file start-v2.txt (compact mmCIF, C-alpha atoms)
# COMPACT_ATOMS: atom_id res chain seq x y z
CA MET A 1 -118.87 124.29 47.10
CA VAL A 2 -119.17 121.38 44.68
CA ARG A 3 -115.87 119.66 44.06
CA VAL A 4 -114.84 117.20 41.35
CA THR A 5 -112.59 114.62 42.95
CA THR A 6 -109.14 113.80 41.66
CA THR A 7 -110.13 110.17 41.23
CA ASN A 8 -113.18 111.01 39.15
CA ARG A 9 -111.31 113.48 36.98
CA ARG A 10 -108.39 111.07 36.42
CA GLY A 11 -110.72 108.31 35.28
CA VAL A 12 -112.66 110.57 32.96
CA LEU A 13 -109.54 112.02 31.40
CA ARG A 14 -108.33 108.50 30.69
CA ALA A 15 -111.69 107.65 29.08
CA GLY A 16 -111.52 110.71 26.87
CA ALA A 17 -107.82 110.52 26.00
CA GLY A 18 -107.20 111.49 22.43
CA LEU A 19 -110.82 112.41 21.80
CA VAL A 20 -110.58 116.02 22.86
CA ALA A 21 -107.39 116.49 20.87
CA GLY A 22 -109.11 115.02 17.84
CA GLY A 23 -112.02 117.44 18.11
CA ALA A 24 -114.59 114.67 17.72
CA LEU A 25 -116.93 115.62 20.55
CA ALA A 26 -120.60 115.99 19.78
CA ALA A 27 -122.10 119.42 19.19
CA GLY A 28 -124.53 120.84 21.72
CA CYS A 29 -128.29 121.01 21.22
CA GLY A 30 -128.64 124.78 21.43
CA ALA A 31 -130.62 126.46 18.69
CA ASP A 32 -127.50 128.11 17.27
CA GLN A 33 -124.59 125.68 17.42
CA PRO A 34 -122.91 125.74 13.99
CA ALA A 35 -120.25 123.20 13.17
CA ARG A 36 -116.72 124.45 13.68
CA PRO A 37 -114.83 125.09 10.44
CA GLY A 38 -112.44 122.28 9.62
CA THR A 39 -113.93 119.97 12.28
CA PRO A 40 -115.33 116.63 11.09
CA ASP A 41 -119.12 116.58 11.45
CA PRO A 42 -119.94 114.02 14.18
CA THR A 43 -123.49 113.75 12.83
CA SER A 44 -122.43 112.52 9.38
CA PRO A 45 -124.08 109.26 8.32
CA SER A 46 -122.35 105.93 8.59
CA PRO A 47 -120.67 104.62 5.42
CA SER A 48 -123.07 103.76 2.63
CA GLY A 49 -124.39 100.25 2.81
CA THR A 50 -123.67 99.77 6.55
CA PRO A 51 -126.97 98.63 8.10
CA SER A 52 -128.00 98.92 11.72
CA ALA A 53 -127.54 95.69 13.65
CA PRO A 54 -130.88 93.92 14.23
CA ARG A 55 -132.36 93.40 17.66
CA PRO A 56 -130.78 90.32 19.28
CA ALA A 57 -132.88 87.17 19.08
CA GLY A 58 -134.92 86.73 22.23
CA ALA A 59 -134.49 90.33 23.38
CA HIS A 60 -137.66 91.89 24.77
CA ALA A 61 -139.10 94.83 22.87
CA ALA A 62 -138.43 98.16 24.52
CA PRO A 63 -141.34 100.21 25.92
CA ALA A 64 -143.38 102.16 23.39
CA PRO A 65 -144.33 105.83 23.69
CA ARG A 66 -147.40 106.54 25.80
CA ALA A 67 -149.70 109.45 26.43
CA TYR A 68 -149.69 111.15 29.83
CA PRO A 69 -153.13 112.61 30.58
CA GLY A 70 -152.91 116.09 31.98
CA GLN A 71 -149.48 116.71 30.45
CA PRO A 72 -149.06 119.21 27.59
CA ALA A 73 -148.03 118.23 24.08
CA GLN A 74 -144.55 119.60 24.86
CA ILE A 75 -143.37 118.55 28.29
CA THR A 76 -140.82 120.76 30.04
CA HIS A 77 -141.02 119.31 33.56
CA GLY A 78 -142.82 116.80 35.72
CA PRO A 79 -144.84 117.24 38.91
CA ARG A 80 -143.21 119.77 41.21
CA THR A 81 -144.45 117.93 44.28
CA ARG A 82 -142.28 114.87 43.63
CA PRO A 83 -138.72 114.65 44.99
CA GLN A 84 -137.48 113.43 41.61
CA VAL A 85 -135.69 114.87 38.58
CA ALA A 86 -135.01 113.53 35.09
CA LEU A 87 -131.48 113.86 33.72
CA THR A 88 -131.85 113.68 29.94
CA PHE A 89 -128.94 113.20 27.55
CA HIS A 90 -128.33 113.94 23.90
CA GLY A 91 -127.06 110.58 22.66
CA GLN A 92 -124.03 111.08 20.45
CA GLY A 93 -120.23 111.19 20.62
CA ASP A 94 -117.52 108.75 21.68
CA PRO A 95 -119.21 105.56 22.95
CA ARG A 96 -116.49 105.13 25.59
CA LEU A 97 -117.72 108.28 27.31
CA ALA A 98 -121.32 107.12 26.98
CA HIS A 99 -120.48 103.80 28.65
CA ALA A 100 -118.53 105.60 31.39
CA LEU A 101 -121.42 107.95 32.11
CA LEU A 102 -124.00 105.16 32.20
CA THR A 103 -121.78 103.20 34.58
CA GLU A 104 -121.35 106.19 36.91
CA ALA A 105 -125.12 106.72 36.99
CA GLU A 106 -125.81 103.07 37.74
CA LYS A 107 -123.24 103.01 40.57
CA ALA A 108 -125.29 105.74 42.24
CA GLY A 109 -128.62 104.03 41.56
CA ALA A 110 -129.64 106.76 39.09
CA ARG A 111 -131.59 106.17 35.89
CA LEU A 112 -131.31 108.46 32.88
CA THR A 113 -133.15 109.34 29.68
CA VAL A 114 -131.12 109.15 26.47
CA LEU A 115 -132.35 110.81 23.26
CA ALA A 116 -130.26 109.13 20.58
CA VAL A 117 -129.20 110.51 17.21
CA GLY A 118 -129.94 108.00 14.44
CA THR A 119 -126.51 108.16 12.79
CA TRP A 120 -124.96 107.46 16.20
CA LEU A 121 -127.07 104.32 16.45
CA ASP A 122 -125.95 103.34 12.95
CA GLN A 123 -122.31 103.67 13.99
CA HIS A 124 -122.70 102.05 17.43
CA PRO A 125 -125.80 99.82 17.28
CA ASP A 126 -124.95 97.90 20.46
CA ILE A 127 -125.39 100.99 22.62
CA ALA A 128 -129.17 101.02 22.27
CA ARG A 129 -129.48 97.72 24.11
CA ARG A 130 -126.82 98.80 26.64
CA ILE A 131 -128.94 101.83 27.54
CA LEU A 132 -132.11 99.79 27.94
CA ASP A 133 -130.41 96.99 29.85
CA GLY A 134 -129.23 99.58 32.38
CA GLY A 135 -132.83 100.53 33.13
CA HIS A 136 -132.71 103.86 31.29
CA ASP A 137 -135.18 105.45 28.88
CA LEU A 138 -134.24 105.58 25.21
CA GLY A 139 -135.76 107.98 22.70
CA ASN A 140 -135.46 109.74 19.34
CA HIS A 141 -133.32 112.85 18.73
CA THR A 142 -133.67 112.85 14.89
CA GLN A 143 -131.53 111.05 12.37
CA HIS A 144 -128.81 113.60 11.63
CA HIS A 145 -129.10 116.15 14.48
CA ILE A 146 -129.76 119.09 12.19
CA ALA A 147 -132.06 122.07 12.82
CA VAL A 148 -135.27 120.10 12.34
CA ASN A 149 -137.57 123.09 12.99
CA THR A 150 -136.17 124.85 9.90
CA LEU A 151 -136.68 121.97 7.47
CA PRO A 152 -139.44 121.56 4.89
CA GLU A 153 -142.19 119.22 6.01
CA ALA A 154 -141.01 116.18 4.06
CA ASP A 155 -137.44 116.52 5.30
CA ALA A 156 -138.50 117.07 8.91
CA ARG A 157 -140.74 114.01 8.74
CA LYS A 158 -137.86 111.92 7.40
CA GLU A 159 -135.54 113.09 10.21
CA ILE A 160 -138.06 111.84 12.77
CA THR A 161 -139.11 108.61 11.08
CA ASP A 162 -135.61 107.53 10.03
CA CYS A 163 -134.42 107.65 13.65
CA ALA A 164 -137.62 105.93 14.76
CA ASP A 165 -136.93 103.16 12.25
CA ARG A 166 -133.40 102.69 13.64
CA LEU A 167 -134.74 102.40 17.16
CA LYS A 168 -137.47 99.98 16.07
CA ARG A 169 -134.96 97.75 14.29
CA LEU A 170 -132.60 97.69 17.26
CA THR A 171 -135.05 97.50 20.17
CA GLY A 172 -138.51 96.63 18.86
CA SER A 173 -139.81 100.11 19.75
CA ILE A 174 -139.56 103.61 18.28
CA GLY A 175 -138.42 104.80 21.71
CA THR A 176 -140.36 106.33 24.54
CA TRP A 177 -139.66 109.99 23.72
CA PHE A 178 -138.95 112.42 20.91
CA ARG A 179 -136.87 115.57 21.34
CA PRO A 180 -136.18 117.96 18.43
CA SER A 181 -132.57 118.60 17.47
CA ARG A 182 -130.94 122.04 17.57
CA ALA A 183 -133.85 123.57 19.49
CA PRO A 184 -135.24 123.38 23.03
CA ALA A 185 -138.82 123.02 21.75
CA ALA A 186 -140.51 121.74 18.61
CA SER A 187 -142.24 124.01 16.12
CA PRO A 188 -145.97 123.32 15.64
CA LEU A 189 -145.13 121.46 12.42
CA VAL A 190 -142.49 119.25 14.04
CA ALA A 191 -144.76 118.55 17.02
CA ARG A 192 -147.49 117.45 14.60
CA LEU A 193 -145.07 115.24 12.66
CA ALA A 194 -143.83 113.67 15.90
CA ARG A 195 -147.40 112.82 16.90
CA ALA A 196 -148.00 111.30 13.47
CA ALA A 197 -144.84 109.19 13.92
CA GLY A 198 -146.20 107.80 17.20
CA TYR A 199 -144.92 110.18 19.89
CA PRO A 200 -147.83 111.70 21.88
CA HIS A 201 -145.52 114.23 23.54
CA VAL A 202 -142.38 116.18 22.68
CA LEU A 203 -139.84 116.16 25.51
CA SER A 204 -138.31 119.55 26.22
CA TYR A 205 -136.62 120.64 29.48
CA ASP A 206 -136.59 123.39 32.10
CA VAL A 207 -132.89 123.18 33.09
CA ASP A 208 -130.03 123.51 30.59
CA SER A 209 -126.68 122.33 31.96
CA LEU A 210 -124.78 124.12 29.14
CA ASP A 211 -122.28 121.25 29.32
CA TYR A 212 -121.74 121.45 25.54
CA THR A 213 -119.95 124.79 26.09
CA ARG A 214 -117.20 122.82 27.90
CA PRO A 215 -117.17 125.03 31.03
CA GLY A 216 -115.53 122.40 33.27
CA ALA A 217 -117.07 119.74 35.50
CA ALA A 218 -117.58 121.99 38.53
CA ALA A 219 -119.34 124.62 36.41
CA VAL A 220 -121.69 122.00 34.93
CA THR A 221 -122.62 120.85 38.42
CA ARG A 222 -123.12 124.40 39.71
CA LYS A 223 -125.33 125.34 36.77
CA VAL A 224 -127.65 122.38 37.23
CA LEU A 225 -127.86 122.78 41.01
CA ALA A 226 -128.63 126.49 40.67
CA ASP A 227 -131.73 125.80 38.55
CA VAL A 228 -132.98 122.33 39.46
CA ARG A 229 -136.00 121.59 41.65
CA GLY A 230 -138.49 118.80 42.10
CA GLY A 231 -139.90 117.67 38.77
CA SER A 232 -137.16 119.27 36.68
CA VAL A 233 -136.08 117.85 33.34
CA VAL A 234 -132.37 118.59 32.82
CA SER A 235 -130.69 118.76 29.41
CA MET A 236 -127.19 117.22 29.28
CA HIS A 237 -124.99 115.52 26.68
CA PHE A 238 -122.95 112.41 26.10
CA GLY A 239 -119.60 113.02 24.42
CA TYR A 240 -118.03 115.45 26.92
CA PRO A 241 -115.52 114.33 29.56
CA ASP A 242 -116.57 117.22 31.84
CA THR A 243 -120.12 115.83 31.95
CA VAL A 244 -118.92 112.39 33.02
CA ALA A 245 -116.67 113.96 35.65
CA ALA A 246 -119.52 116.15 36.94
CA LEU A 247 -122.03 113.33 37.33
CA PRO A 248 -120.90 111.75 40.65
CA ASP A 249 -120.87 115.08 42.48
CA LEU A 250 -124.10 116.17 40.83
CA LEU A 251 -125.88 113.00 41.90
CA HIS A 252 -124.44 113.32 45.41
CA GLU A 253 -125.71 116.88 45.75
CA LEU A 254 -129.13 115.97 44.37
CA ASP A 255 -129.33 113.16 46.91
CA ARG A 256 -128.35 115.56 49.67
CA ARG A 257 -131.29 117.75 48.66
CA GLY A 258 -133.61 114.75 48.71
CA LEU A 259 -133.93 114.59 44.92
CA ARG A 260 -133.61 111.29 43.08
CA ALA A 261 -132.59 110.98 39.42
CA VAL A 262 -135.16 108.82 37.60
CA THR A 263 -136.19 108.18 34.01
CA THR A 264 -138.63 110.64 32.48
CA THR A 265 -141.16 107.79 32.29
CA GLU A 266 -140.92 107.32 36.06
CA LEU A 267 -141.02 111.07 36.69
CA LEU A 268 -144.35 111.36 34.86
CA SER A 269 -145.93 108.05 35.86
call {"tool": "encode", "arguments": {"input": "start-v2.txt", "output": "structure tokens"}}
result
Amino acid sequence: MVRVTTTNRRGVLRAGAGLVAGGALAAGCGADQPARPGTPDPTSPSPSGTPSAPRPAGAHAAPAPRAYPGQPAQITHGPRTRPQVALTFHGQGDPRLAHALLTEAEKAGARLTVLAVGTWLDQHPDIARRILDGGHDLGNHTQHHIAVNTLPEADARKEITDCADRLKRLTGSIGTWFRPSRAPAASPLVARLARAAGYPHVLSYDVDSLDYTRPGAAAVTRKVLADVRGGSVVSMHFGYPDTVAALPDLLHELDRRGLRAVTTTELLS
């Protein structure tokens, strides 16, 4: 039975102190996750006139998107013959939890894929470079994290390109991946708009951790381990203390099964 250690839980609870009480955690990426009445919207734009910080002078441009021959337009998993999995994260929420999760992953030698919300990058521009400097993938999860598949064409295009512009300004690249917000897969229109914006593939997933339902760290770990196999792409989220607390045990159990957590780029390369 997977166990979350007292040490891990204590550290995570310290990192998230006050955040849970304030109700500022990011919403999940399920297709039907309405905002809670009376809860501040964590996807609201940064104050008017606050620009994204530019890419630091001398910083190398991040990798650009690339096409993977033989892979479908919407990728749900990698090769099943490889002893690797991709842990992919919705990038939003308290940056302290994001930093804690990245640090836990790096301690274990794991590399992640982060799909960042554009308004989150506006509010915390330094985190884009932190993700890349840790050896992780960074991609586009729309500008405002709204139900992009339901939008008119012009609005859906703007959601994709506005986040791409943020990433380009901060890192020199539009990011290696695009994932639609509020849906596990892109509609044909959104997939076409993503290609036009420079993303040859849409990144979906075959394992949903359901961590945004706040089931507890042990439940997050059990859910992933019940469904994961070689080549899996797992959907998880920044912004939840349970997810940070679950990560050390999850990585340990994956390692015990002979599965290594790598970036999606590595999984497909």
call {"tool": "closest_atom_pairs", "arguments": {"input": "start-v2.txt", "of": "region 86-131 of chain A", "to": "region 167-173 of chain A", "cutoff": "9 Å", "atoms": "all atoms listed in the file", "output": "CSV"}}
result
residue,atom,partner,partner_atom,distance
A:Ala116,CA,A:Leu167,CA,8.8
A:Gly118,CA,A:Leu167,CA,7.9
A:Leu121,CA,A:Leu167,CA,7.9
A:Pro125,CA,A:Leu170,CA,7.1
A:Asp126,CA,A:Leu170,CA,8.3
A:Ala128,CA,A:Leu170,CA,6.9
A:Arg129,CA,A:Thr171,CA,6.8
call {"tool": "closest_residue", "arguments": {"input": "start-v2.txt", "among": "A:Arg182, A:Arg222, A:Tyr212, A:Thr264", "to": "Asn149 (chain A)", "atoms": "all atoms listed in the file"}}
result
A:Arg182
call {"tool": "residues_around", "arguments": {"input": "start-v2.txt", "residues": "Ser187 (chain A)", "least_positions_apart": "6", "cutoff": "9 Å", "atoms": "only C-alpha atoms", "output": "PyMOL selection string"}}
result
chain A and resi 148-150+180
call {"tool": "closest_atom_pairs", "arguments": {"input": "start-v2.txt", "of": "region 114-138 of chain A", "to": "region 65-87 of chain A", "cutoff": "12 Å", "atoms": "only C-alpha atoms", "output": "Markdown table"}}
result
| residue | atom | partner | partner_atom | distance |
| --- | --- | --- | --- | --- |
| A:Val114 | CA | A:Leu87 | CA | 8.7 |
| A:Leu115 | CA | A:Leu87 | CA | 10.9 |
| A:His136 | CA | A:Leu87 | CA | 10.4 |
| A:Asp137 | CA | A:Ala86 | CA | 10.2 |
| A:Leu138 | CA | A:Pro65 | CA | 10.2 |
call {"tool": "atom_distance", "arguments": {"input": "start-v2.txt", "atom1": "CA of Ala245 (chain A)", "atom2": "CA of Glu104 (chain A)"}}
result
9.2 Å
call {"tool": "closest_residue", "arguments": {"input": "start-v2.txt", "among": "A:Val190, A:Tyr240, A:Glu159, A:His141", "to": "Ala98 (chain A)", "atoms": "only C-alpha atoms"}}
result
A:Tyr240
call {"tool": "atom_distance", "arguments": {"input": "start-v2.txt", "atom1": "CA of Ala186 (chain A)", "atom2": "CA of Ile127 (chain A)"}}
result
26.0 Å
call {"tool": "closest_residue", "arguments": {"input": "start-v2.txt", "among": "A:Asp155, A:Asp242, A:Asp122, A:Asp133", "to": "Leu97 (chain A)", "atoms": "all atoms listed in the file"}}
result
A:Asp242
call {"tool": "closest_residue", "arguments": {"input": "start-v2.txt", "among": "A:Ala62, A:Leu251, A:Ala217, A:Ala154", "to": "Ala110 (chain A)", "atoms": "all atoms listed in the file"}}
result
A:Leu251
call {"tool": "axis_aligned_box", "arguments": {"input": "start-v2.txt", "around": "region 59-70 of chain A", "padding_each_side": "6 Å", "output": "lines of an AutoDock Vina configuration file"}}
result
center_x = -143.8
center_y = 103.2
center_z = 27.4
size_x = 30.6
size_y = 37.8
size_z = 21.1
call {"tool": "atom_distance", "arguments": {"input": "start-v2.txt", "atom1": "CA of Arg257 (chain A)", "atom2": "CA of Gly91 (chain A)"}}
result
27.3 Å
call {"tool": "closest_residue", "arguments": {"input": "start-v2.txt", "among": "A:Leu225, A:Cys163, A:Leu189, A:Ala218", "to": "Asp255 (chain A)", "atoms": "all atoms listed in the file"}}
result
A:Leu225
call {"tool": "closest_residue", "arguments": {"input": "start-v2.txt", "among": "A:Ala185, A:Met236, A:Val117, A:Ala147", "to": "Val224 (chain A)", "atoms": "all atoms listed in the file"}}
result
A:Met236
